[in-house]
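For reference, model12.pdb is printed below; it contains PDB, C-alpha atoms.
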ATOM      1  CA  MET G   1     -20.659 -18.175   4.396
ATOM      2  CA  PHE G   2     -18.192 -16.893   1.791
ATOM      3  CA  THR G   3     -18.499 -19.693  -0.762
ATOM      4  CA  ALA G   4     -21.251 -17.755  -2.503
ATOM      5  CA  LEU G   5     -19.061 -14.660  -2.583
ATOM      6  CA  MET G   6     -16.239 -16.543  -4.298
ATOM      7  CA  ALA G   7     -18.532 -17.955  -6.980
ATOM      8  CA  LEU G   8     -19.822 -14.503  -7.927
ATOM      9  CA  PRO G   9     -17.777 -11.861  -9.704
ATOM     10  CA  PRO G  10     -16.328  -9.346  -7.225
ATOM     11  CA  PRO G  11     -18.946  -6.827  -6.126
ATOM     12  CA  ASP G  12     -19.033  -3.152  -7.019
ATOM     13  CA  PRO G  13     -18.745  -0.608  -4.208
ATOM     14  CA  GLN G  14     -22.025   0.083  -2.454
ATOM     15  CA  PHE G  15     -21.223   3.770  -2.953
ATOM     16  CA  VAL G  16     -18.267   6.049  -3.611
ATOM     17  CA  LEU G  17     -17.487   9.278  -1.750
ATOM     18  CA  ARG G  18     -15.929  12.029  -3.847
ATOM     19  CA  GLY G  19     -14.950  15.550  -2.930
ATOM     20  CA  THR G  20     -11.770  15.356  -0.846
ATOM     21  CA  SER G  21      -9.791  16.974  -3.745
ATOM     22  CA  ALA G  22      -6.705  15.093  -2.514
ATOM     23  CA  ALA G  23      -5.356  11.616  -1.807
ATOM     24  CA  VAL G  24      -7.074   9.959   1.174
ATOM     25  CA  HIS G  25      -4.640   8.633   3.805
ATOM     26  CA  THR G  26      -6.779   7.608   6.773
ATOM     27  CA  LEU G  27     -10.360   6.554   7.576
ATOM     28  CA  HIS G  28     -12.340   5.964  10.763
ATOM     29  CA  PHE G  29     -16.015   5.020  11.201
ATOM     30  CA  SER G  30     -18.305   6.138  14.005
ATOM     31  CA  CYS G  31     -21.558   4.246  13.506
ATOM     32  CA  GLY G  32     -22.447   2.906  16.933
ATOM     33  CA  GLY G  33     -24.480   5.898  18.112
ATOM     34  CA  PRO G  34     -28.179   5.739  18.982
ATOM     35  CA  GLU G  35     -30.805   6.781  16.422
ATOM     36  CA  PRO G  36     -31.373   9.404  15.059
ATOM     37  CA  ASP G  37     -27.585   9.951  14.938
ATOM     38  CA  ALA G  38     -26.403   9.442  11.374
ATOM     39  CA  PRO G  39     -23.505   6.994  10.996
ATOM     40  CA  LEU G  40     -20.313   8.910  10.164
ATOM     41  CA  LEU G  41     -17.052   8.267   8.367
ATOM     42  CA  PHE G  42     -14.050  10.488   9.085
ATOM     43  CA  SER G  43     -11.391  10.818   6.378
ATOM     44  CA  GLY G  44      -7.999  12.532   6.434
ATOM     45  CA  SER G  45      -6.457  13.848   3.218
ATOM     46  CA  GLU G  46      -3.118  14.872   1.793
ATOM     47  CA  ASN G  47      -4.255  18.527   1.628
ATOM     48  CA  GLY G  48      -4.620  18.728   5.419
ATOM     49  CA  PHE G  49      -8.415  18.463   5.553
ATOM     50  CA  ILE G  50     -10.497  16.077   7.643
ATOM     51  CA  HIS G  51     -13.929  15.388   6.168
ATOM     52  CA  VAL G  52     -16.854  14.170   8.255
ATOM     53  CA  TRP G  53     -19.075  12.134   5.904
ATOM     54  CA  ASN G  54     -22.733  11.455   6.640
ATOM     55  CA  LEU G  55     -23.282   7.857   5.532
ATOM     56  CA  LYS G  56     -27.022   8.384   5.070
ATOM     57  CA  THR G  57     -26.669  11.292   2.625
ATOM     58  CA  HIS G  58     -23.196  10.305   1.311
ATOM     59  CA  ARG G  59     -22.209  13.956   1.664
ATOM     60  CA  VAL G  60     -19.721  15.896   3.773
ATOM     61  CA  ASP G  61     -21.317  17.250   6.956
ATOM     62  CA  THR G  62     -18.191  19.135   8.065
ATOM     63  CA  ALA G  63     -14.698  19.869   6.768
ATOM     64  CA  LEU G  64     -12.033  20.453   9.427
ATOM     65  CA  ASP G  65      -8.841  22.367   8.663
ATOM     66  CA  GLY G  66      -6.298  22.137  11.484
ATOM     67  CA  HIS G  67      -3.038  20.816  10.071
ATOM     68  CA  GLY G  68      -1.713  23.747   8.044
ATOM     69  CA  ARG G  69      -2.500  22.038   4.714
ATOM     70  CA  LYS G  70      -0.102  19.209   5.577
ATOM     71  CA  SER G  71      -1.237  15.620   5.031
ATOM     72  CA  VAL G  72      -3.473  14.036   7.703
ATOM     73  CA  CYS G  73      -2.316  10.478   8.443
ATOM     74  CA  PHE G  74      -4.557   9.433  11.373
ATOM     75  CA  VAL G  75      -8.076  10.148  12.674
ATOM     76  CA  GLU G  76      -9.918   8.409  15.514
ATOM     77  CA  THR G  77     -12.849   9.320  17.733
ATOM     78  CA  MET G  78     -12.494   9.289  21.511
ATOM     79  CA  GLY G  79     -15.534   7.906  23.307
ATOM     80  CA  GLY G  80     -18.287   8.801  20.838
ATOM     81  CA  LYS G  81     -18.311  11.210  17.924
ATOM     82  CA  ASP G  82     -17.996  14.460  19.896
ATOM     83  CA  TRP G  83     -14.208  14.193  20.307
ATOM     84  CA  LEU G  84     -11.757  13.460  17.510
ATOM     85  CA  LEU G  85      -8.001  12.969  17.547
ATOM     86  CA  SER G  86      -6.107  13.737  14.326
ATOM     87  CA  GLN G  87      -2.450  13.572  13.360
ATOM     88  CA  GLY G  88      -0.820  15.503  10.530
ATOM     89  CA  ARG G  89       2.517  15.833   8.781
ATOM     90  CA  ASP G  90       2.712  19.292  10.410
ATOM     91  CA  GLN G  91       4.044  17.295  13.413
ATOM     92  CA  ARG G  92       0.873  18.026  15.378
ATOM     93  CA  ILE G  93      -1.710  15.771  16.979
ATOM     94  CA  CYS G  94      -4.956  17.705  17.520
ATOM     95  CA  LEU G  95      -7.928  17.085  19.789
ATOM     96  CA  TRP G  96     -11.176  18.370  18.243
ATOM     97  CA  ASP G  97     -14.407  19.268  20.030
ATOM     98  CA  LEU G  98     -17.193  18.398  17.576
ATOM     99  CA  ALA G  99     -20.129  18.473  20.025
ATOM    100  CA  GLU G 100     -23.211  20.577  19.171
ATOM    101  CA  GLY G 101     -21.818  21.596  15.792
ATOM    102  CA  ARG G 102     -18.506  22.909  17.132
ATOM    103  CA  THR G 103     -15.340  22.446  15.039
ATOM    104  CA  SER G 104     -12.588  23.655  17.349
ATOM    105  CA  VAL G 105      -9.164  22.283  18.261
ATOM    106  CA  THR G 106      -9.148  22.327  22.069
ATOM    107  CA  ASP G 107      -5.680  20.856  22.609
ATOM    108  CA  SER G 108      -2.672  19.623  20.654
ATOM    109  CA  VAL G 109       0.610  17.768  21.049
ATOM    110  CA  PHE G 110       3.712  18.670  19.053
ATOM    111  CA  THR G 111       5.303  15.349  18.026
ATOM    112  CA  GLU G 112       8.520  16.696  16.485
ATOM    113  CA  HIS G 113       8.553  13.483  14.424
ATOM    114  CA  VAL G 114       9.036  13.861  10.667
ATOM    115  CA  GLY G 115       8.161  10.307   9.541
ATOM    116  CA  PHE G 116       4.909   8.678   8.398
ATOM    117  CA  CYS G 117       4.206   6.708  11.590
ATOM    118  CA  ARG G 118       0.552   6.910  12.679
ATOM    119  CA  CYS G 119      -0.101   7.180  16.390
ATOM    120  CA  SER G 120      -2.147   4.545  18.254
ATOM    121  CA  LEU G 121      -4.901   5.123  20.804
ATOM    122  CA  LEU G 122      -6.184   2.838  23.575
ATOM    123  CA  GLN G 123      -8.924   3.576  26.079
ATOM    124  CA  VAL G 124      -7.742   2.287  29.476
ATOM    125  CA  ALA G 125     -10.529   3.669  31.702
ATOM    126  CA  GLN G 126     -13.594   5.902  31.501
ATOM    127  CA  GLY G 127     -12.303   9.204  30.124
ATOM    128  CA  ARG G 128      -8.664   8.018  30.052
ATOM    129  CA  TRP G 129      -6.587   6.998  27.047
ATOM    130  CA  LEU G 130      -3.050   6.047  26.262
ATOM    131  CA  MET G 131      -1.503   7.329  23.037
ATOM    132  CA  ALA G 132       1.647   5.950  21.433
ATOM    133  CA  MET G 133       3.504   8.157  18.971
ATOM    134  CA  ALA G 134       6.857   8.222  17.232
ATOM    135  CA  ALA G 135       9.106  10.574  19.186
ATOM    136  CA  ARG G 136      11.568  13.273  18.165
ATOM    137  CA  SER G 137      14.547  10.938  18.498
ATOM    138  CA  LEU G 138      14.330   8.778  15.383
ATOM    139  CA  GLU G 139      14.098   5.315  16.972
ATOM    140  CA  GLU G 140      11.975   6.171  20.008
ATOM    141  CA  VAL G 141       8.268   5.844  20.765
ATOM    142  CA  GLN G 142       6.613   8.044  23.367
ATOM    143  CA  ILE G 143       3.567   6.996  25.400
ATOM    144  CA  LEU G 144       1.300   9.763  26.719
ATOM    145  CA  GLU G 145      -1.817   9.651  28.831
ATOM    146  CA  LEU G 146      -4.772  11.648  27.470
ATOM    147  CA  PRO G 147      -6.405  14.050  28.050
ATOM    148  CA  SER G 148      -3.758  15.063  30.646
ATOM    149  CA  LYS G 149      -0.836  14.726  28.153
ATOM    150  CA  THR G 150       1.272  13.259  30.989
ATOM    151  CA  SER G 151       4.271  11.296  29.728
ATOM    152  CA  VAL G 152       4.013   7.621  30.735
ATOM    153  CA  CYS G 153       7.305   6.413  29.252
ATOM    154  CA  THR G 154       9.649   6.571  26.290
ATOM    155  CA  LEU G 155      10.429   3.271  24.570
ATOM    156  CA  LYS G 156      14.090   3.255  23.546
ATOM    157  CA  PRO G 157      15.656   0.313  21.706
ATOM    158  CA  GLU G 158      18.841  -1.127  23.228
ATOM    159  CA  VAL G 159      22.087   0.414  22.064
ATOM    160  CA  GLY G 160      23.110  -1.214  18.782
ATOM    161  CA  ALA G 161      19.659  -2.693  18.064
ATOM    162  CA  LYS G 162      19.518  -0.821  14.708
ATOM    163  CA  LEU G 163      15.734  -1.043  14.380
ATOM    164  CA  GLY G 164      15.513   2.242  12.495
ATOM    165  CA  MET G 165      12.409   4.417  12.745
ATOM    166  CA  PRO G 166       9.087   3.122  14.081
ATOM    167  CA  MET G 167       6.749   2.756  11.087
ATOM    168  CA  CYS G 168       3.482   1.525  12.663
ATOM    169  CA  LEU G 169       2.124   1.185  16.202
ATOM    170  CA  LYS G 170      -0.642  -0.799  17.902
ATOM    171  CA  LEU G 171      -1.479  -0.388  21.605
ATOM    172  CA  TRP G 172      -3.611  -3.139  23.140
ATOM    173  CA  GLN G 173      -4.470  -4.927  26.367
ATOM    174  CA  LEU G 174      -5.806  -8.428  26.887
ATOM    175  CA  SER G 175      -8.682  -7.241  29.041
ATOM    176  CA  CYS G 176      -9.788  -4.074  30.768
ATOM    177  CA  GLY G 177      -7.419  -3.497  33.664
ATOM    178  CA  SER G 178      -4.599  -5.699  32.350
ATOM    179  CA  GLN G 179      -1.176  -4.251  31.514
ATOM    180  CA  PRO G 180      -1.175  -2.277  28.265
ATOM    181  CA  VAL G 181       1.420  -3.366  25.714
ATOM    182  CA  LEU G 182       2.584  -1.932  22.405
ATOM    183  CA  LEU G 183       3.400  -3.690  19.153
ATOM    184  CA  ALA G 184       5.680  -1.581  16.974
ATOM    185  CA  GLY G 185       6.816  -2.276  13.422
ATOM    186  CA  TYR G 186      10.201  -0.812  12.485
ATOM    187  CA  GLU G 187      12.199   0.275   9.467
ATOM    188  CA  ASP G 188      14.448  -2.815   9.617
ATOM    189  CA  GLY G 189      11.454  -5.188   9.210
ATOM    190  CA  SER G 190      11.191  -6.091  12.920
ATOM    191  CA  VAL G 191       8.089  -6.191  15.084
ATOM    192  CA  VAL G 192       8.796  -5.492  18.772
ATOM    193  CA  LEU G 193       6.493  -6.087  21.748
ATOM    194  CA  TRP G 194       6.949  -3.480  24.503
ATOM    195  CA  ASN G 195       5.715  -3.446  28.088
ATOM    196  CA  VAL G 196       4.337   0.077  28.416
ATOM    197  CA  SER G 197       4.450   0.046  32.228
ATOM    198  CA  THR G 198       8.151  -0.775  32.503
ATOM    199  CA  GLY G 199       9.311   0.660  29.166
ATOM    200  CA  LYS G 200      11.108  -2.604  28.379
ATOM    201  CA  ALA G 201      11.085  -4.649  25.157
ATOM    202  CA  LEU G 202       9.613  -8.122  25.767
ATOM    203  CA  SER G 203      10.260  -9.692  22.364
ATOM    204  CA  ARG G 204      11.566  -8.875  18.889
ATOM    205  CA  LEU G 205      10.844 -10.732  15.667
ATOM    206  CA  THR G 206      12.166 -10.103  12.160
ATOM    207  CA  CYS G 207       9.032 -10.361  10.007
ATOM    208  CA  HIS G 208      10.112  -8.613   6.795
ATOM    209  CA  GLN G 209      13.205  -7.719   4.767
ATOM    210  CA  GLU G 210      11.787  -4.219   4.248
ATOM    211  CA  PRO G 211      10.168  -1.640   6.596
ATOM    212  CA  VAL G 212       6.919  -2.808   8.236
ATOM    213  CA  MET G 213       4.256  -0.577   6.649
ATOM    214  CA  SER G 214       1.270  -1.742   8.673
ATOM    215  CA  LEU G 215       0.247  -4.280  11.300
ATOM    216  CA  ASP G 216      -2.822  -5.401  13.206
ATOM    217  CA  PHE G 217      -3.263  -7.750  16.143
ATOM    218  CA  ASP G 218      -5.989 -10.040  17.426
ATOM    219  CA  SER G 219      -5.553 -10.109  21.216
ATOM    220  CA  GLU G 220      -8.112 -12.951  21.623
ATOM    221  CA  LYS G 221      -6.112 -15.346  19.428
ATOM    222  CA  ALA G 222      -2.750 -13.702  20.351
ATOM    223  CA  LYS G 223      -2.008 -13.546  16.642
ATOM    224  CA  GLY G 224      -0.987 -10.650  14.427
ATOM    225  CA  ILE G 225      -0.327  -9.793  10.800
ATOM    226  CA  SER G 226       1.976  -7.334   9.077
ATOM    227  CA  GLY G 227       2.706  -6.074   5.581
ATOM    228  CA  SER G 228       5.579  -4.236   3.894
ATOM    229  CA  SER G 229       6.683  -3.184   0.415
ATOM    230  CA  GLU G 230       7.381  -6.869  -0.339
ATOM    231  CA  LYS G 231       5.129  -9.529  -1.859
ATOM    232  CA  VAL G 232       4.422 -11.194   1.478
ATOM    233  CA  LEU G 233       2.122 -10.940   4.479
ATOM    234  CA  SER G 234       3.686 -12.160   7.716
ATOM    235  CA  ILE G 235       1.453 -13.794  10.335
ATOM    236  CA  TRP G 236       2.950 -14.142  13.807
ATOM    237  CA  SER G 237       1.797 -15.261  17.219
ATOM    238  CA  LEU G 238       2.523 -14.383  20.812
ATOM    239  CA  ASN G 239       3.054 -17.264  23.224
ATOM    240  CA  GLU G 240       2.320 -17.222  26.949
ATOM    241  CA  GLN G 241       5.926 -16.259  27.694
ATOM    242  CA  GLN G 242       5.301 -13.071  25.666
ATOM    243  CA  ASN G 243       7.576 -14.200  22.833
ATOM    244  CA  LEU G 244       6.702 -13.361  19.230
ATOM    245  CA  GLN G 245       7.015 -16.263  16.777
ATOM    246  CA  VAL G 246       6.456 -16.485  13.021
ATOM    247  CA  TYR G 247       3.257 -18.444  12.475
ATOM    248  CA  LYS G 248       3.207 -18.427   8.670
ATOM    249  CA  THR G 249       3.735 -16.227   5.645
ATOM    250  CA  HIS G 250       1.393 -15.630   2.752
ATOM    251  CA  GLU G 251       2.709 -14.849  -0.728
ATOM    252  CA  LEU G 252       0.920 -11.961  -2.477
ATOM    253  CA  VAL G 253       0.254 -11.545  -6.186
ATOM    254  CA  ASN G 254       1.670  -7.993  -6.213
ATOM    255  CA  ALA G 255       4.106  -6.231  -3.902
ATOM    256  CA  GLY G 256       3.273  -3.447  -1.470
ATOM    257  CA  ILE G 257       0.778  -3.199   1.408
ATOM    258  CA  SER G 258      -0.082   0.266   2.752
ATOM    259  CA  ASP G 259      -2.581  -0.783   5.402
ATOM    260  CA  ILE G 260      -4.003  -3.901   6.993
ATOM    261  CA  THR G 261      -6.971  -4.261   9.327
ATOM    262  CA  ILE G 262      -8.746  -7.184  10.998
ATOM    263  CA  ARG G 263     -12.522  -6.772  11.246
ATOM    264  CA  PRO G 264     -13.682  -6.325  14.866
ATOM    265  CA  ASP G 265     -15.475  -9.732  14.820
ATOM    266  CA  LYS G 266     -12.076 -11.328  13.896
ATOM    267  CA  LYS G 267     -13.559 -13.265  10.951
ATOM    268  CA  ILE G 268     -11.954 -11.476   8.009
ATOM    269  CA  LEU G 269      -9.252  -8.909   7.276
ATOM    270  CA  ALA G 270      -8.646  -6.385   4.519
ATOM    271  CA  THR G 271      -5.417  -5.137   2.949
ATOM    272  CA  ALA G 272      -4.798  -1.896   1.042
ATOM    273  CA  GLY G 273      -2.496  -2.530  -1.910
ATOM    274  CA  TRP G 274      -0.046  -0.517  -3.935
ATOM    275  CA  ASP G 275      -1.575  -2.455  -6.885
ATOM    276  CA  HIS G 276      -4.791  -0.349  -6.482
ATOM    277  CA  ARG G 277      -6.681  -3.328  -5.038
ATOM    278  CA  ILE G 278      -8.332  -4.202  -1.741
ATOM    279  CA  ARG G 279      -7.980  -7.852  -0.778
ATOM    280  CA  ILE G 280     -10.211  -9.712   1.673
ATOM    281  CA  PHE G 281      -8.911 -12.782   3.525
ATOM    282  CA  GLY G 282     -10.379 -15.151   6.081
ATOM    283  CA  TRP G 283      -8.480 -14.485   9.308
ATOM    284  CA  LYS G 284      -8.451 -18.077  10.555
ATOM    285  CA  LYS G 285      -6.464 -19.607   7.664
ATOM    286  CA  LEU G 286      -5.715 -16.531   5.539
ATOM    287  CA  LYS G 287      -7.849 -17.917   2.737
ATOM    288  CA  PRO G 288      -8.226 -15.317  -0.068
ATOM    289  CA  LEU G 289     -11.923 -14.445  -0.307
ATOM    290  CA  ALA G 290     -12.217 -11.472  -2.661
ATOM    291  CA  VAL G 291     -10.273  -8.909  -4.663
ATOM    292  CA  LEU G 292     -12.066  -5.559  -4.757
ATOM    293  CA  ASP G 293     -10.920  -3.794  -7.891
ATOM    294  CA  TYR G 294     -12.203  -0.234  -8.182
ATOM    295  CA  HIS G 295      -9.431   2.288  -7.542
ATOM    296  CA  THR G 296      -7.067   3.637 -10.187
ATOM    297  CA  ALA G 297      -4.108   4.338  -7.871
ATOM    298  CA  THR G 298      -2.527   3.081  -4.630
ATOM    299  CA  VAL G 299      -5.004   2.271  -1.863
ATOM    300  CA  HIS G 300      -3.635   3.983   1.264
ATOM    301  CA  CYS G 301      -6.075   2.859   3.974
ATOM    302  CA  VAL G 302      -8.839   0.389   4.824
ATOM    303  CA  SER G 303     -11.301   0.525   7.726
ATOM    304  CA  PHE G 304     -14.256  -1.579   8.915
ATOM    305  CA  SER G 305     -17.328   0.086  10.376
ATOM    306  CA  ASP G 306     -18.520  -0.386  13.957
ATOM    307  CA  HIS G 307     -22.246  -0.795  13.203
ATOM    308  CA  SER G 308     -23.843  -2.852  15.971
ATOM    309  CA  SER G 309     -25.883  -4.915  13.479
ATOM    310  CA  PRO G 310     -23.696  -7.186  11.256
ATOM    311  CA  PRO G 311     -25.684  -6.695   8.001
ATOM    312  CA  ASP G 312     -25.111  -2.924   8.243
ATOM    313  CA  ARG G 313     -21.340  -3.238   8.569
ATOM    314  CA  LEU G 314     -19.209  -1.674   5.873
ATOM    315  CA  LEU G 315     -15.629  -1.597   4.620
ATOM    316  CA  ALA G 316     -14.164   1.697   3.399
ATOM    317  CA  ALA G 317     -10.972   2.233   1.414
ATOM    318  CA  GLY G 318      -9.184   5.493   0.683
ATOM    319  CA  SER G 319      -6.922   5.980  -2.295
ATOM    320  CA  LYS G 320      -4.408   8.240  -3.975
ATOM    321  CA  ASP G 321      -7.102   8.625  -6.682
ATOM    322  CA  GLN G 322      -8.950  10.983  -4.228
ATOM    323  CA  ARG G 323     -11.910   8.626  -3.840
ATOM    324  CA  ILE G 324     -13.282   6.606  -0.935
ATOM    325  CA  SER G 325     -14.970   3.343  -1.908
ATOM    326  CA  VAL G 326     -17.484   1.884   0.554
ATOM    327  CA  TRP G 327     -18.347  -1.812   0.342
ATOM    328  CA  SER G 328     -20.906  -4.082   1.948
ATOM    329  CA  ILE G 329     -19.144  -7.405   2.312
ATOM    330  CA  TYR G 330     -22.056  -9.053   4.143
ATOM    331  CA  ALA G 331     -24.728  -8.221   1.571
ATOM    332  CA  GLN G 332     -22.963 -10.326  -1.055
ATOM    333  CA  THR G 333     -23.399 -13.619   0.777
TER     334      THR G 333
END

Could I get this structure in the form of structure tokens?
Amino acid sequence: MFTALMALPPPDPQFVLRGTSAAVHTLHFSCGGPEPDAPLLFSGSENGFIHVWNLKTHRVDTALDGHGRKSVCFVETMGGKDWLLSQGRDQRICLWDLAEGRTSVTDSVFTEHVGFCRCSLLQVAQGRWLMAMAARSLEEVQILELPSKTSVCTLKPEVGAKLGMPMCLKLWQLSCGSQPVLLAGYEDGSVVLWNVSTGKALSRLTCHQEPVMSLDFDSEKAKGISGSSEKVLSIWSLNEQQNLQVYKTHELVNAGISDITIRPDKKILATAGWDHRIRIFGWKKLKPLAVLDYHTATVHCVSFSDHSSPPDRLLAAGSKDQRISVWSIYAQT
């Protein structure tokens, strides 16, 4: 399928979204709605704004200002596009009501965490979510239930573990109803698997020499991938005894990965590079498939769209250069 893509020069973006007036740190698509709903892309910027982009007009439908002009590092919808969760460097996580043209923050959580760690969201039942976030105490992660904001547990490393701060989080469960677990990447280069129900660490693996900047996990294959400031991607697996093991490493051309995401169909993944480039790999064997070279500064985030029809699916990347590039990877084949 991708042999044709490799033979051609790398594609240009399908379109570019301009107008954030600041570096773009996070992206999230909401494209699964019924017609005539326009597919949307949410972006969070360094100036504290969240922009809601209409992907039919390529223009901003709404600009949301709820983080006191402090950088927005995470946005994700909750069960459709009427509810949005956002996290800012103002140490607040906000819940937005966007139904019927509203743009109001209806609830918020004060994280008291000063780092860059993005929270992670997992729907566990109809109208119920778990949220993992870095806690006030530097090494801890707090798990809350939403929308009730009830504390589920606090994940504390063992005394003397010296993991440092949590840098990236990924909540997941094997199937609906199974025990939720959390993968957390830490400042010391470790990835730790936590049982969210008991608050106990199940496994720890040193994946990098430097802080883990980003990770993603494929629960079907029980295999994950992480990146850091180094020139290496680490691929690791989870065995049936819930132990993390290094599967392989992949040497990069240039150092520094800000973000990494596996496409929902688990066929390919994308990385956001400090070298201004987006790289596409096959997930099965980590075969390099394409280098998307458009941005003029660090790429901070990459996100795949959730269109129900594969040919419509898109990849978006946000950069320090204040632009969002949107690519159709399928159309090139």

Residue neighbourhood segment 245-253 of chain G, 7 Å, all atoms listed in the file, exclusion window fewer than 3 positions, as a list in words:
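After dropping sequence-adjacent residues, the list is Leu205, Lys231, Val232, Leu233, Ser234, Ile235, Trp236, Ser237 and Leu238 of chain G.
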
Write the residues of the preceding selection, restricted to C-alpha atoms, as a compact mmCIF listing (two decimals), in the frame of the given file.
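Just written: again-v4.txt:
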# COMPACT_ATOMS: atom_id res chain seq x y z
CA LEU G 205 10.84 -10.73 15.67
CA LYS G 231 5.13 -9.53 -1.86
CA VAL G 232 4.42 -11.19 1.48
CA LEU G 233 2.12 -10.94 4.48
CA SER G 234 3.69 -12.16 7.72
CA ILE G 235 1.45 -13.79 10.34
CA TRP G 236 2.95 -14.14 13.81
CA SER G 237 1.80 -15.26 17.22
CA LEU G 238 2.52 -14.38 20.81

Compile the contact shell of Trp53 of chain G as a PyMOL selection string: residues with an atom at most 9 Å away, counting only C-alpha atoms, same-chain residues fewer than 6 positions apart removed.
chain G and resi 17+39-43+59-63

Create the file for the chosen residues now, containing C-alpha atoms and written as a PDB file, keeping the file's coordinate frame.
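File written: result_21.pdb
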ATOM      1  CA  LEU G  17     -17.487   9.278  -1.750  1.00  0.00           C
ATOM      2  CA  PRO G  39     -23.505   6.994  10.996  1.00  0.00           C
ATOM      3  CA  LEU G  40     -20.313   8.910  10.164  1.00  0.00           C
ATOM      4  CA  LEU G  41     -17.052   8.267   8.367  1.00  0.00           C
ATOM      5  CA  PHE G  42     -14.050  10.488   9.085  1.00  0.00           C
ATOM      6  CA  SER G  43     -11.391  10.818   6.378  1.00  0.00           C
ATOM      7  CA  ARG G  59     -22.209  13.956   1.664  1.00  0.00           C
ATOM      8  CA  VAL G  60     -19.721  15.896   3.773  1.00  0.00           C
ATOM      9  CA  ASP G  61     -21.317  17.250   6.956  1.00  0.00           C
ATOM     10  CA  THR G  62     -18.191  19.135   8.065  1.00  0.00           C
ATOM     11  CA  ALA G  63     -14.698  19.869   6.768  1.00  0.00           C
TER      12      ALA G  63
END

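Residues lying within 6 Å of (-7.0, -11.0, 2.8). Counted over all atoms listed in the file, they are Leu269, Ala270, Arg279, Ile280, Phe281 and Pro288 of chain G.
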
List as a PyMOL selection string the protein and nucleic acid residues near Ser21 of chain G, meaning an atom at most 12 Å away when only C-alpha atoms are counted, but skip any in the same chain fewer than 5 places from it.
chain G and resi 43-51+63+319-324

Which residues fall under the PyMOL selection byres ((chain G and resi 304-314) around 6) in this file, as a PDB file with C-alpha atoms, keeping the file's coordinate frame?
ATOM      1  CA  PHE G  29     -16.015   5.020  11.201  1.00  0.00           C
ATOM      2  CA  CYS G  31     -21.558   4.246  13.506  1.00  0.00           C
ATOM      3  CA  GLY G  32     -22.447   2.906  16.933  1.00  0.00           C
ATOM      4  CA  ARG G 263     -12.522  -6.772  11.246  1.00  0.00           C
ATOM      5  CA  SER G 303     -11.301   0.525   7.726  1.00  0.00           C
ATOM      6  CA  LEU G 315     -15.629  -1.597   4.620  1.00  0.00           C
ATOM      7  CA  TRP G 327     -18.347  -1.812   0.342  1.00  0.00           C
ATOM      8  CA  SER G 328     -20.906  -4.082   1.948  1.00  0.00           C
ATOM      9  CA  TYR G 330     -22.056  -9.053   4.143  1.00  0.00           C
TER      10      TYR G 330
END

In Å to one decimal, how far is atom CA of Phe217 of chain G from atom CA of Val299 of chain G?
20.7 Å

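Going from atom CA of Leu98 of chain G to atom CA of Arg69 of chain G covers 19.9 Å.
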
Expected selection from the PyMOL selection byres ((chain G and resi 120-124) around 10), given as number ranges by chain:
G: 74-79, 85, 117-119, 125-134, 143-146, 168-173, 175-180, 182-183

Within 10 Å of Ala201 of chain G, counting all atoms listed in the file, which residues qualify if same-chain residues fewer than 6 places away don't, as a VMD selection string?
chain G and resid 155 to 158 181 to 183 192 to 195

How many Å lie between atom CA of Glu112 of chain G and atom CA of Glu187 of chain G, rounded to one decimal?
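Between atom CA of Glu112 of chain G and atom CA of Glu187 of chain G the gap works out to 18.2 Å.
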
Select, from G:Val212, G:Asp218, G:Glu139, G:Cys301, the residue with the minimum atom-to-atom distance to Pro264 of chain G, counting all atoms listed in the file.
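The shortest atom-to-atom distance to Pro264 of chain G comes from G:Asp218.
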
Evaluating the PyMOL selection byres ((chain G and resi 56) around 8) on the displayed file yields which residues, as a ChimeraX atom specification?
/G:38-39,54-55,57-58

Save out the residues we just selected, C-alpha atoms, as a PDB file, in the coordinates of the input.
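Result saved to result.pdb:
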ATOM      1  CA  ALA G  38     -26.403   9.442  11.374  1.00  0.00           C
ATOM      2  CA  PRO G  39     -23.505   6.994  10.996  1.00  0.00           C
ATOM      3  CA  ASN G  54     -22.733  11.455   6.640  1.00  0.00           C
ATOM      4  CA  LEU G  55     -23.282   7.857   5.532  1.00  0.00           C
ATOM      5  CA  THR G  57     -26.669  11.292   2.625  1.00  0.00           C
ATOM      6  CA  HIS G  58     -23.196  10.305   1.311  1.00  0.00           C
TER       7      HIS G  58
END

Smallest atom-to-atom distance to Lys149 of chain G: which of G:Asp97, G:Asp107, G:Asp275, G:Asp188, using all atoms listed in the file?
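Looking at the shortest contact to Lys149 of chain G, the residue is G:Asp107.
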
Determine the nearest neighbour of Val72 of chain G from the options G:Asn243, G:Ser30, G:Gln87, G:Thr298, counting only C-alpha atoms.
G:Gln87
